[in-house]
Amino acid sequence: MPSVAICRSCGIIAPSEAANCMSCARPISEVRVQVPPQSADLFWVAVRCGFTCNQCKFLAPLDGLDVDGAVDCAHCGLRQRFDVTAWREALSFAHSVGDLAGPDPEGRAPHPSIWIGDENPYADIGVKKSFARGGDKVREIDIHACPGHPVCRKCRVPLTIETPAAGQIKTRCLTCNDEATFSLGEAQQTGYPAIMGAVADEHRNDRPRAQPMATQAGVVAMRCPGCGAPLAISGSDKVQTCSYCKVSCFIAAKNLARFHHKTPEPEVWWLLFSGVSEERINLTSATADVPQTGKNLLAALKPGAKTDTIGGKPGVYEAPEEPGIHWPQVLLTLLLGSIALAIGYLIAGRY
């Protein structure tokens, strides 16, 4: 499998024809780095997700796979019903983007004989732009997705990844040795079987989480998970230490933003997928049913024909090779030659 060119500052794909990263705005020539694939069957997709609040109508972040049926708006604090089946469409879309995105016009795993480059809706991802938006393909969730690889937030280098069990991810930075573990619940995995794990603050399980104390006016304090005392939050670091019991705990980005009275924005987080996407299957199936012309010329080749394209161009194949004399071809050649000679004699007789 080919390696992925990413921005080492933020981890998203670095488009081959773009000047600056479309997330951190840094010059791509300075931040582009090649990252080998996780495996032949596994690949990472960066996502940004949000939902429109029923009350304030703002786009509120969804910084993880929330499947308990209710979500809190990070703007107004309203807890509201959320249709978790919408994740099925969102995850299918993200899977398709990661599988079909460029710069190869057929994506990460081209079919050995069927060309889908002309029909691929995400061929320009990784060429001219980074993110694709779900739009009409996804209801309820506003999602943007692109290929990439998780990076260390401190050192800005790609993380090493281990998958010790289904739904479990362990990351480690080779520069600062920071380690973290993330997990998905059974409901999150069964909702879309191709998802193997997620790297997101909402799914980190190796650090206790501060508890928000909220009113209708919003988050007014954060409570220590160890002793229950109010946390004295300093700065915007998501990891804070209780001044009473000295327990270090994690504060979700949406709660931290509301505590500082800032407008929360959806964060980039990561999904690990396995195998080909449903959209690739649909594209190859539809293409195989098209009449045998152009890109489907392979279907008309006789048994024994070579299927490797010439010069890497689709639809240009070497001539069939069959042992022995191909008598139909010989007879056709003799017939055409006889017709040409007859026409020549007729023309010569007139002049």
# chains A, B, ... in the order shown; residues from 1 in each chain; ligands from 1
call {"tool": "residues_around", "arguments": {"residues": "segment 204-210 of chain A", "least_positions_apart": "5", "cutoff": "6 Å", "atoms": "only C-alpha atoms", "output": "JSON, numbers by chain"}}
result
{"A": [181, 182, 223, 224, 225, 249, 250, 251]}
call {"tool": "residues_around", "arguments": {"residues": "segment 60-76 of chain A", "least_positions_apart": "2", "cutoff": "7 Å", "atoms": "only C-alpha atoms", "output": "PyMOL selection string"}}
result
chain A and resi 49-53+56+58+78-84+188+200+202-203+218+254+258+263-267+269
call {"tool": "residues_around", "arguments": {"residues": "Pro36 of chain A", "least_positions_apart": "4", "cutoff": "12 Å", "atoms": "only C-alpha atoms", "output": "list in words"}}
result
Met1, Pro2, Ser3, Val4, Ala5, Ile6, Ala40, Leu42, Phe43, Trp44, Gly148, His149, Pro158, Leu159, Thr160 and Ile161 of chain A
call {"tool": "residues_around", "arguments": {"residues": "Lys246 of chain A", "least_positions_apart": "5", "cutoff": "10 Å", "atoms": "only C-alpha atoms", "output": "list of chain:residue names"}}
result
A:Cys224, A:Gly226, A:Cys227, A:Gln240, A:Thr241
call {"tool": "residues_around", "arguments": {"residues": "Ala145 of chain A", "least_positions_apart": "4", "cutoff": "9 Å", "atoms": "only C-alpha atoms", "output": "JSON, numbers by chain"}}
result
{"A": [45, 46, 47, 48, 49, 93, 94, 95, 97, 98, 130, 131, 132, 133, 134]}
call {"tool": "closest_residue", "arguments": {"among": "A:Gly77, A:Pro164, A:Pro147, A:Pro27", "to": "Gly107 of chain A", "atoms": "only C-alpha atoms"}}
result
A:Pro147
call {"tool": "atom_distance", "arguments": {"atom1": "atom CA of Leu271 of chain A", "atom2": "atom CA of Ser29 of chain A"}}
result
26.1 Å
call {"tool": "atom_distance", "arguments": {"atom1": "atom CA of Asn54 of chain A", "atom2": "atom CA of Val138 of chain A"}}
result
17.7 Å
call {"tool": "closest_residue", "arguments": {"among": "A:Lys57, A:Arg280, A:Lys170, A:Lys129", "to": "Cys146 of chain A", "atoms": "only C-alpha atoms"}}
result
A:Lys129
call {"tool": "closest_residue", "arguments": {"among": "A:Ala180, A:Ile114, A:Ala109, A:Ile195", "to": "Trp87 of chain A", "atoms": "only C-alpha atoms"}}
result
A:Ile195
call {"tool": "residues_around", "arguments": {"residues": "Gly167 of chain A", "least_positions_apart": "2", "cutoff": "8 Å", "atoms": "only C-alpha atoms", "output": "PyMOL selection string"}}
result
chain A and resi 163+165+169+183-185+189+195-198
